[in-house]
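See structure below.
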Amino acid sequence: MSPGPPPTRDEWTTLFSAHLEQLMLRTTTVLENAAFSGLLLHSGTEHYVFRDDFTYPFKVHATFKQWAPISAVPDCFVYVDPDRDRPLLIFHQPQDFWHRAAPVPDTYWSDSFEIRVATDRASARGHLPHDLSRVAFIGEAFPELTTFGVGSVNPQYLLAALDYPRARKSPYELACLREANRLGALGHQAAAVAFAAGASEFEIALAFMGATGQREKELPYNPIIALNEAGSVLHYQMQQTQRPSVRHSFLIDAGCEFAGYASDITRTYSYSDPDFRALIGAFDDLQQALCGEVRAGVDWPDIHQRSHVAIAGWLRDAGLVRTDPQETVDSGLSAVFYPHGIGHLLGLQVHDAGGTLGGPDGHEIPRPPRHPTLRLTRRLEAGFVVTMEPGVYFIRQLLDQARASPLGKHIEWSRVAQLERFGGIRIEDDLAVTDAGCENLTRAAFSTTIAPGA
Ligand SMILES: [Mn+2]
């Protein structure tokens, strides 16, 4: 499946059937190796606030939604038994007149399942085989589970064996990730328009959600919407309702979800300052050059290492450091401005599972000692989807530490003082790795969506 118009419903059905077949095949092997006869996957449980009668936002478990793309219904089960025709989906429809029960799925994927309806977890048990002693349960344990008689709960080796191949996406999963990027691009374009029009962080967040049709709890992660120096906070979580009196810059890290698959996109804008705009332009060139290095067979920690050298060059060109790029990296100076990893696996989870797994046996590929925050240590394979997200920031805590250390004399502090009010720059795209290079899902989405109101 190559980029182009989104699939029709029939095409989605074909893509999903092939995806499920492939998933079934590799799960069968995993189960055989582990001497299990089946898998019981739980969508998750709603959790009540302490001494209150409402619940925290529900988040479905990734291992469940990989099989059945249901995001908003707790206490559903998928039962996988290689001897059955189709996996069994036990769909939760509580008898509860206070809430609207979700309708039984009737969509592109529903014919791939045998679907039964249960009103609660205890009655769900009745739809399962009598003997579950050779079945592994995956999910968060709930009180009734002790009466289910499952053979094992979240066995670690089984989780690793299931997580490891998740990095390689099926054509169906790639189609979902393209769609998640298309929605994300719509949101980003609306956010950029709102920023240019003088909106507050909160108003920009509303513009993003309005354009994507996803409310906050449906988004794959809390959007980072930062004006001015707030861009220096890597996971900035405030959404100020006040419009700032002066406006310098805007950093937005926000994505959408489609059928359980996430996009993860970051853009940075200058409001009116041409110097900062030019710095963003040069940083965008750097990010695109790094995207150009992505292909099957490349070791991700090498890309990370090269991103440090590239950023060190940018820091020198920007007049922020006085040392040569390699020296800037070796001394640890580049990490003062760039303290995170170059990217991570993306899929059912924003930081997708298995990024440091060396094989289905669960052994780990350790993070490089100097880069303890790197979330992906594997060699890239065709079908991996990764983010490419170089960043530079003016983080007060790290700058103060550097100033008090031998690194301080290599920093041009007057230039830091000029640029601090802009917070930082991060540019992040989602890339589908191929043998020849990569497909940039994000740039393709931005080039084909039309900004609302534009
Ligand atoms: Mn990311």
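Ligands are numbered from 1 in the order shown, residues from 1 within each chain, and chains are lettered A, B, ... in the order they appear in the structure tokens.
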Neighbour list for Trp67 (chain A) as a VMD selection string, cut-off 8 Å, only C-alpha atoms, skip fewer than 4 positions in-chain: chain A and resid 20 63 78
Restrict the selected residues to C-alpha atoms and save them as a PDB file, in the first residue's frame.
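The resulting again21.pdb:
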```
ATOM      1  CA  LEU A  20      -5.113 -10.110  11.629  1.00  0.00           C
ATOM      2  CA  THR A  63      -2.109  -5.384  23.384  1.00  0.00           C
ATOM      3  CA  VAL A  78     -10.350 -10.809  22.953  1.00  0.00           C
TER       4      VAL A  78
END
```
Exercise: Phe337 (chain A) partners within 7 Å, only C-alpha atoms, chain neighbours under 5 positions left out, as a ChimeraX atom specification: /A:392-394
Shell of 12 Å around ligand 1 (only C-alpha atoms and all ligand atoms), written as a ChimeraX atom specification: /A:220-224,234-235,252-255,262-267,340-347,349-352,374-376,385-391,426-431
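Among the candidates A:Met238, A:Tyr108, A:Pro369, A:Ser170, the one nearest to Thr14 (chain A) when counting only C-alpha atoms is A:Tyr108.
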Those of region 170-294 of chain A in DSSP alpha helix (DSSP H), formatted as a ChimeraX atom specification: /A:171-196,201-212,274-291
Spatial neighbours of His371 (chain A), 10 Å, only C-alpha atoms, chain gap at least 5 places, as a VMD selection string: chain A and resid 301 304 to 305 335 339 to 341
Write the residues of the selection above to a file with C-alpha atoms, as a PDB file, in the first residue's frame.
```
ATOM      1  CA  PRO A 301      22.025   4.861  18.247  1.00  0.00           C
ATOM      2  CA  HIS A 304      21.299   9.617  17.522  1.00  0.00           C
ATOM      3  CA  GLN A 305      25.057  10.155  17.700  1.00  0.00           C
ATOM      4  CA  ALA A 335      23.546  17.766  25.556  1.00  0.00           C
ATOM      5  CA  PRO A 339      18.989  16.572  26.370  1.00  0.00           C
ATOM      6  CA  HIS A 340      16.641  13.988  24.810  1.00  0.00           C
ATOM      7  CA  GLY A 341      16.725  11.162  22.293  1.00  0.00           C
TER       8      GLY A 341
END
```
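Between CA of Arg86 (chain A) and CA of Glu218 (chain A) lies a distance of 28.6 Å.
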Region 129-145 of chain A surroundings by only C-alpha atoms, 8 Å radius, close-in-sequence under 6 positions cut, as JSON, numbers by chain: {"A": [35, 36, 37, 38, 39, 40, 41, 42, 43, 44, 45, 61, 63, 121, 122, 151, 152, 153, 154, 155]}
Residue with smallest distance to Asp435 (chain A) - pool A:Ala296, A:Leu419, A:Ala310, A:Leu25, counting only C-alpha atoms: A:Ala296
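Considering only C-alpha atoms, the residue among A:Glu216, A:Glu201, A:Glu327, A:Asp85 positioned nearest to Phe250 (chain A) is A:Glu201.
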Point-to-point distance in Å for CA of Asp120 (chain A) and CA of Gln95 (chain A): 8.5 Å
Nearest to Thr27 (chain A) by atom-to-atom distance, counting only C-alpha atoms, from A:Asp163, A:Val49, A:Leu89, A:Trp109: A:Asp163
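Using only C-alpha atoms for every distance, the candidate list A:Gln240, A:Thr146, A:Ser17, A:Thr328 yields A:Ser17 as the residue closest to Glu173 (chain A).
From CA of Asp299 (chain A) back to CA of Ala353 (chain A), the distance works out to 17.7 Å.
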Non-local contacts of Phe195 (chain A) (12 Å; only C-alpha atoms; under 2 positions in same chain excluded) as an MDAnalysis selection string: chainID A and resid 188:193 197:208 225:228 243:244 247:252 268:272
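Comparing the minimum interatomic distances between Arg84 (chain A) and each of A:Leu219, A:Met24, A:Leu286, A:Val329, counting only C-alpha atoms, we find that A:Met24 sits nearest.
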Per-residue DSSP, region 312-433 of chain A, filtered to strand (DSSP E or B), as a PyMOL selection string: chain A and resi 321+345+357+364+379+384-388+391-393+411+424-426+428-433
